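As structure tokens, the structure follows; a few thoughts come after it.
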Amino acid sequence: MTTPFYYITIIASISGIGGAGMFFAANGKMVMLDVPRDMYGIASGTNRTIGNIGILLSFIIAIVVSSMAIPRSVAFQIFVGSSTLTPSLMLPFVNSLHMAFRASLALIAWQ
């Protein structure tokens with residue numbers, strides 16, 4: 001099973017423009033509006049650090065939850081791109097990713 005390179009490029013571009021391009025810029029601007037000028041560097045650095053921690057935590061949740069359905073070593077290899085799923089592990093892996101998305105949604109809703 002292969003995905004054409006042009007398809008990956010299109011999807012990644014849409015994600016970059018819509019997710020990162022529109023959200024991070026607007027979010028950063030809103031944060032900076034309430035910060036005194038002499039604190040811009042600290043506020044910007046803190047904002048991006050917290051954003052990066054959130055991204056990292058989402059990967060951790062996905063790996064931990066998916067490794068409950070398939071062997072942990074296989075889950076790690078899948079996420080770093082050094083292996084592919086066997087047909088017998090495909091459905092459990094996809095179901096575990098759905099569970100990871102639900103866990104992430106629950107954390108977002110909890111806030």
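Naming scheme: A, B, ... for chains in displayed order of the structure tokens; residues 1 onward per chain; ligands 1 onward as shown.
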
Contacts of region 71-73 of chain A at 12 Å or less, counting only C-alpha atoms, minus same-chain residues fewer than 5 places along, as a PyMOL selection string? chain A and resi 62-66+78-80+82-86+89+92-93+96

Could you write out that same residue set with N, CA and C atoms as a PDB file, in the first residue's frame?
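Produced file out.pdb, reproduced below:
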ATOM      1  N   ALA A  62      -0.795   9.673  21.564  1.00  0.00           N
ATOM      2  CA  ALA A  62      -1.030   8.781  20.420  1.00  0.00           C
ATOM      3  C   ALA A  62      -0.166   7.527  20.518  1.00  0.00           C
ATOM      4  N   ILE A  63       1.096   7.674  20.868  1.00  0.00           N
ATOM      5  CA  ILE A  63       1.984   6.512  20.954  1.00  0.00           C
ATOM      6  C   ILE A  63       1.592   5.603  22.113  1.00  0.00           C
ATOM      7  N   VAL A  64       1.299   6.178  23.270  1.00  0.00           N
ATOM      8  CA  VAL A  64       0.944   5.363  24.438  1.00  0.00           C
ATOM      9  C   VAL A  64      -0.357   4.600  24.192  1.00  0.00           C
ATOM     10  N   VAL A  65      -1.370   5.288  23.685  1.00  0.00           N
ATOM     11  CA  VAL A  65      -2.664   4.628  23.468  1.00  0.00           C
ATOM     12  C   VAL A  65      -2.553   3.581  22.365  1.00  0.00           C
ATOM     13  N   SER A  66      -1.858   3.904  21.273  1.00  0.00           N
ATOM     14  CA  SER A  66      -1.740   2.920  20.192  1.00  0.00           C
ATOM     15  C   SER A  66      -0.880   1.730  20.598  1.00  0.00           C
ATOM     16  N   ILE A  78       6.401   2.705  13.800  1.00  0.00           N
ATOM     17  CA  ILE A  78       5.410   3.293  12.895  1.00  0.00           C
ATOM     18  C   ILE A  78       5.468   4.816  12.983  1.00  0.00           C
ATOM     19  N   PHE A  79       5.509   5.353  14.194  1.00  0.00           N
ATOM     20  CA  PHE A  79       5.489   6.804  14.376  1.00  0.00           C
ATOM     21  C   PHE A  79       6.760   7.488  13.896  1.00  0.00           C
ATOM     22  N   VAL A  80       7.892   6.805  13.971  1.00  0.00           N
ATOM     23  CA  VAL A  80       9.129   7.414  13.469  1.00  0.00           C
ATOM     24  C   VAL A  80       9.347   7.114  11.998  1.00  0.00           C
ATOM     25  N   SER A  82      10.038   4.110  10.504  1.00  0.00           N
ATOM     26  CA  SER A  82      11.032   3.105  10.145  1.00  0.00           C
ATOM     27  C   SER A  82      10.425   1.726   9.883  1.00  0.00           C
ATOM     28  N   SER A  83       9.105   1.620   9.943  1.00  0.00           N
ATOM     29  CA  SER A  83       8.441   0.340   9.710  1.00  0.00           C
ATOM     30  C   SER A  83       7.036   0.591   9.170  1.00  0.00           C
ATOM     31  N   THR A  84       6.416  -0.449   8.683  1.00  0.00           N
ATOM     32  CA  THR A  84       5.031  -0.367   8.227  1.00  0.00           C
ATOM     33  C   THR A  84       4.201  -1.406   8.984  1.00  0.00           C
ATOM     34  N   LEU A  85       2.919  -1.213   8.962  1.00  0.00           N
ATOM     35  CA  LEU A  85       2.020  -2.140   9.642  1.00  0.00           C
ATOM     36  C   LEU A  85       1.786  -3.378   8.799  1.00  0.00           C
ATOM     37  N   THR A  86       1.678  -4.501   9.472  1.00  0.00           N
ATOM     38  CA  THR A  86       1.256  -5.720   8.792  1.00  0.00           C
ATOM     39  C   THR A  86      -0.266  -5.695   8.721  1.00  0.00           C
ATOM     40  N   LEU A  89      -2.216  -6.166  11.959  1.00  0.00           N
ATOM     41  CA  LEU A  89      -2.165  -5.115  12.973  1.00  0.00           C
ATOM     42  C   LEU A  89      -2.861  -3.829  12.542  1.00  0.00           C
ATOM     43  N   PRO A  92      -6.381  -3.040  14.547  1.00  0.00           N
ATOM     44  CA  PRO A  92      -6.154  -2.630  15.945  1.00  0.00           C
ATOM     45  C   PRO A  92      -5.430  -1.284  16.057  1.00  0.00           C
ATOM     46  N   PHE A  93      -4.484  -1.030  15.153  1.00  0.00           N
ATOM     47  CA  PHE A  93      -3.747   0.229  15.198  1.00  0.00           C
ATOM     48  C   PHE A  93      -4.666   1.409  14.891  1.00  0.00           C
ATOM     49  N   SER A  96      -6.920   2.031  17.767  1.00  0.00           N
ATOM     50  CA  SER A  96      -6.217   2.655  18.890  1.00  0.00           C
ATOM     51  C   SER A  96      -5.950   4.136  18.619  1.00  0.00           C
TER      52      SER A  96
END

Per-residue DSSP, chain A, filtered to alpha helix (DSSP H), as number ranges by chain: A: 5-15, 25-33, 40-66, 72-80, 87-110
